[in-house]
Amino acid sequence: MNWQQEYAQNITTAEALATYLPLSTDEIIRIDEVIKRYPMSISRYYLSLIDPKDPNDPIRKMAVPSGHELLEDDGSFDTSGEGDNTVLDGLQHKYRQTALLLSTNLCAMYCRHCFRKRLVGLADEEIMKQFDHMVDYIATHQEVSNVLITGGDALLNSNRVLEYYLKTLVQFDHLDFIRFGSRLPVTFPMRISEDEELLALLKKYSQQKTIYVVTQFNHPNELTDHARKAIKALLDCHIIVSNQTVLLKGVNDDSDVLSSLMRGLTSMGVIPYYVFQCRPVTGVKDSFQIPLKQGAAIVDSAKSQLNGLAKRFRYVMSHPTGKIEILGQLQDEMLFKYHQAKYPTDQSRIFMQSLSDDDCWLGEIKGN
Ligand code: SF4
């Protein structure tokens, strides 16, 4: 069976899910309601990582819809200002050096905590279709030093589409590297490790331009032999793999879990790049966000257990005004620093903000 045939076997209905996990009739009805609004798709591989006997299994929490998703009306579907940064359909340009392409609205698994819940498995209006315009934009914006191809899941595109992107982008001398955003090493690793054609094209183009895959491992249970094989296959093609964990309630809001994850990633040759504060997304925030003060304490405690390479990551939030590093608590206030700023006057600015113990996000920022 090739990866497309395996992908076609993904579990997308409550009825099918009930053949793998014990679900009550009420749960089946609730899941059916949720997926009318926020689709479900789980690869059979990722489903196999769930302990069916544990209702609080962390993989289950990330993959299986919950009735809470429909109870939230507040929050936002665009928490970091993606609409404002869209310069062409499917092309965002927020930070001077980075262009971001939305290449697909499909993923091998629709994470319940996804910050692009507005589009995954749903509408494709925001997806890149005007390739010529994208090429013109990159060509005329010499300040762009890297392109992030994401989605949805960038590596779920066909090899033909991926080759188009690579063949086109490697020609630009002003690009230092190309990045793919993909959770496939975590949710569907066989699409990588068992596709010789994909590996051959990654190997070919990595000789012409540095290529990164940025992935998202969130829990040590995701560090399986299959995942290791996919990572090794990428590394063998001279792809650099880095990881962006999302800090999630009930999944990895525990310093031992987080440190074990970072150790495992480092042992696989994956660079721990960021730990992201979960965004206040409608249908996500109440189930997954933890307060910033608590998050900083968990991150500090995890870092105290790690060697230098395993604690290279920064704890950050993607705010409409930039990528803000959460430095920690100073007496009653929290300390933050702009790691990437939308507006040049904010670049590297350090600021303090009073937060309650329950605050999970920054509203208006002093000095902006
Ligand atoms: S793989 Fe990424 S884009 Fe897809 S559902 Fe998960 S978090 Fe969202």
# chains A, B, ... in the order shown; residues from 1 in each chain; ligands from 1

$ residues_near_ligand --ligand "ligand 1" --cutoff "6 Å" --atoms "only C-alpha atoms and all ligand atoms" --output "count of residues only"
10

$ residues_around --residues "Met62 of chain A" --least-positions-apart "2" --cutoff "10 Å" --atoms "only C-alpha atoms" --output "list of chain:residue names"
A:Asp57, A:Pro58, A:Ile59, A:Arg60, A:Val64, A:Pro65, A:Ser66, A:Met109, A:Tyr110, A:Cys111, A:Arg112, A:His113, A:Cys114, A:Asn218, A:Leu248, A:Gly250, A:Val251, A:Phe288

$ atom_distance --atom1 "atom CA of Val34 of chain A" --atom2 "atom CA of Gln92 of chain A"
29.3 Å

$ residues_around --residues "Arg30 of chain A" --least-positions-apart "6" --cutoff "10 Å" --atoms "only C-alpha atoms" --output "number ranges by chain"
A: 14, 24, 65-68, 70

$ residues_around --residues "segment 202-216 of chain A" --least-positions-apart "6" --cutoff "6 Å" --atoms "only C-alpha atoms" --output "list in words"
Val170, Phe177, Ile178, Arg179, Phe180, Gly181, Ser182, Arg183, Cys237, Ile239, Ile240, Val241, Ser242, Asn243, Gln244 and Thr245 of chain A

$ closest_atom_pairs --of "segment 309-332 of chain A" --to "segment 95-100 of chain A" --cutoff "12 Å" --atoms "only C-alpha atoms" --output "Markdown table"
| residue | atom | partner | partner_atom | distance |
| --- | --- | --- | --- | --- |
| A:Ser318 | CA | A:Tyr95 | CA | 11.8 |
| A:Pro320 | CA | A:Tyr95 | CA | 11.2 |
| A:Thr321 | CA | A:Tyr95 | CA | 10.1 |
| A:Gly322 | CA | A:Tyr95 | CA | 8.1 |
| A:Lys323 | CA | A:Tyr95 | CA | 9.6 |

$ write_last_selection --atoms "C-alpha atoms" --output "short mmCIF file (atom, residue, chain, number, x, y, z; two decimals), in the first residue's frame"
data_model
loop_
_atom_site.label_atom_id
_atom_site.label_comp_id
_atom_site.auth_asym_id
_atom_site.auth_seq_id
_atom_site.Cartn_x
_atom_site.Cartn_y
_atom_site.Cartn_z
CA SER A 318 2.96 34.49 18.25
CA PRO A 320 -0.14 40.12 16.18
CA THR A 321 2.77 42.50 16.99
CA GLY A 322 5.48 39.87 16.73
CA LYS A 323 7.02 36.77 18.21
#

$ closest_residue --among "A:His226, A:Arg263, A:His219, A:Lys232" --to "Leu199 of chain A" --atoms "only C-alpha atoms"
A:Lys232

$ decode --residues "segment 336-360 of chain A" --atoms "N, CA and C atoms" --output "PDB file, in the first residue's frame"
ATOM      1  N   PHE A 336       8.959  40.135  29.269  1.00  0.00           N
ATOM      2  CA  PHE A 336       8.854  39.651  27.887  1.00  0.00           C
ATOM      3  C   PHE A 336       9.887  40.355  27.012  1.00  0.00           C
ATOM      4  N   LYS A 337      10.188  39.745  25.878  1.00  0.00           N
ATOM      5  CA  LYS A 337      11.106  40.386  24.931  1.00  0.00           C
ATOM      6  C   LYS A 337      10.684  40.053  23.497  1.00  0.00           C
ATOM      7  N   TYR A 338      10.653  41.077  22.642  1.00  0.00           N
ATOM      8  CA  TYR A 338      10.347  40.815  21.234  1.00  0.00           C
ATOM      9  C   TYR A 338      11.511  40.055  20.589  1.00  0.00           C
ATOM     10  N   HIS A 339      11.223  38.842  20.152  1.00  0.00           N
ATOM     11  CA  HIS A 339      12.223  38.048  19.446  1.00  0.00           C
ATOM     12  C   HIS A 339      12.183  38.377  17.954  1.00  0.00           C
ATOM     13  N   GLN A 340      10.963  38.555  17.441  1.00  0.00           N
ATOM     14  CA  GLN A 340      10.731  39.032  16.074  1.00  0.00           C
ATOM     15  C   GLN A 340       9.644  40.079  16.196  1.00  0.00           C
ATOM     16  N   ALA A 341       9.826  41.225  15.553  1.00  0.00           N
ATOM     17  CA  ALA A 341       8.812  42.265  15.694  1.00  0.00           C
ATOM     18  C   ALA A 341       8.217  42.614  14.344  1.00  0.00           C
ATOM     19  N   LYS A 342       6.919  42.846  14.343  1.00  0.00           N
ATOM     20  CA  LYS A 342       6.280  43.286  13.106  1.00  0.00           C
ATOM     21  C   LYS A 342       6.739  44.713  12.781  1.00  0.00           C
ATOM     22  N   TYR A 343       6.856  45.559  13.839  1.00  0.00           N
ATOM     23  CA  TYR A 343       7.265  46.945  13.636  1.00  0.00           C
ATOM     24  C   TYR A 343       8.704  47.117  14.119  1.00  0.00           C
ATOM     25  N   PRO A 344       9.577  47.712  13.298  1.00  0.00           N
ATOM     26  CA  PRO A 344      11.003  47.783  13.640  1.00  0.00           C
ATOM     27  C   PRO A 344      11.269  48.406  15.012  1.00  0.00           C
ATOM     28  N   THR A 345      10.425  49.339  15.458  1.00  0.00           N
ATOM     29  CA  THR A 345      10.689  49.987  16.755  1.00  0.00           C
ATOM     30  C   THR A 345      10.548  49.020  17.924  1.00  0.00           C
ATOM     31  N   ASP A 346       9.886  47.892  17.695  1.00  0.00           N
ATOM     32  CA  ASP A 346       9.730  46.904  18.775  1.00  0.00           C
ATOM     33  C   ASP A 346      10.882  45.903  18.833  1.00  0.00           C
ATOM     34  N   GLN A 347      11.684  45.843  17.778  1.00  0.00           N
ATOM     35  CA  GLN A 347      12.673  44.772  17.695  1.00  0.00           C
ATOM     36  C   GLN A 347      13.562  44.724  18.953  1.00  0.00           C
ATOM     37  N   SER A 348      13.609  43.571  19.585  1.00  0.00           N
ATOM     38  CA  SER A 348      14.416  43.293  20.787  1.00  0.00           C
ATOM     39  C   SER A 348      13.949  44.054  22.034  1.00  0.00           C
ATOM     40  N   ARG A 349      12.814  44.720  21.948  1.00  0.00           N
ATOM     41  CA  ARG A 349      12.328  45.491  23.106  1.00  0.00           C
ATOM     42  C   ARG A 349      11.925  44.541  24.243  1.00  0.00           C
ATOM     43  N   ILE A 350      12.370  44.913  25.465  1.00  0.00           N
ATOM     44  CA  ILE A 350      12.001  44.143  26.651  1.00  0.00           C
ATOM     45  C   ILE A 350      10.917  44.929  27.380  1.00  0.00           C
ATOM     46  N   PHE A 351       9.902  44.263  27.843  1.00  0.00           N
ATOM     47  CA  PHE A 351       8.855  44.976  28.582  1.00  0.00           C
ATOM     48  C   PHE A 351       8.289  44.090  29.685  1.00  0.00           C
ATOM     49  N   MET A 352       7.678  44.794  30.670  1.00  0.00           N
ATOM     50  CA  MET A 352       7.075  44.088  31.799  1.00  0.00           C
ATOM     51  C   MET A 352       5.572  44.284  31.736  1.00  0.00           C
ATOM     52  N   GLN A 353       4.839  43.319  32.187  1.00  0.00           N
ATOM     53  CA  GLN A 353       3.386  43.443  32.206  1.00  0.00           C
ATOM     54  C   GLN A 353       2.845  42.724  33.448  1.00  0.00           C
ATOM     55  N   SER A 354       1.893  43.371  34.111  1.00  0.00           N
ATOM     56  CA  SER A 354       1.233  42.699  35.245  1.00  0.00           C
ATOM     57  C   SER A 354       0.208  41.717  34.691  1.00  0.00           C
ATOM     58  N   LEU A 355       0.234  40.520  35.195  1.00  0.00           N
ATOM     59  CA  LEU A 355      -0.740  39.525  34.736  1.00  0.00           C
ATOM     60  C   LEU A 355      -1.387  38.878  35.950  1.00  0.00           C
ATOM     61  N   SER A 356      -2.616  38.450  35.790  1.00  0.00           N
ATOM     62  CA  SER A 356      -3.231  37.665  36.865  1.00  0.00           C
ATOM     63  C   SER A 356      -2.724  36.230  36.730  1.00  0.00           C
ATOM     64  N   ASP A 357      -2.983  35.438  37.765  1.00  0.00           N
ATOM     65  CA  ASP A 357      -2.528  34.035  37.714  1.00  0.00           C
ATOM     66  C   ASP A 357      -3.226  33.264  36.601  1.00  0.00           C
ATOM     67  N   ASP A 358      -4.362  33.789  36.120  1.00  0.00           N
ATOM     68  CA  ASP A 358      -5.129  33.058  35.102  1.00  0.00           C
ATOM     69  C   ASP A 358      -4.883  33.549  33.675  1.00  0.00           C
ATOM     70  N   ASP A 359      -4.133  34.638  33.525  1.00  0.00           N
ATOM     71  CA  ASP A 359      -3.959  35.186  32.179  1.00  0.00           C
ATOM     72  C   ASP A 359      -3.153  34.235  31.287  1.00  0.00           C
ATOM     73  N   CYS A 360      -3.725  33.934  30.137  1.00  0.00           N
ATOM     74  CA  CYS A 360      -3.079  32.998  29.210  1.00  0.00           C
ATOM     75  C   CYS A 360      -2.533  33.703  27.972  1.00  0.00           C
TER      76      CYS A 360
END
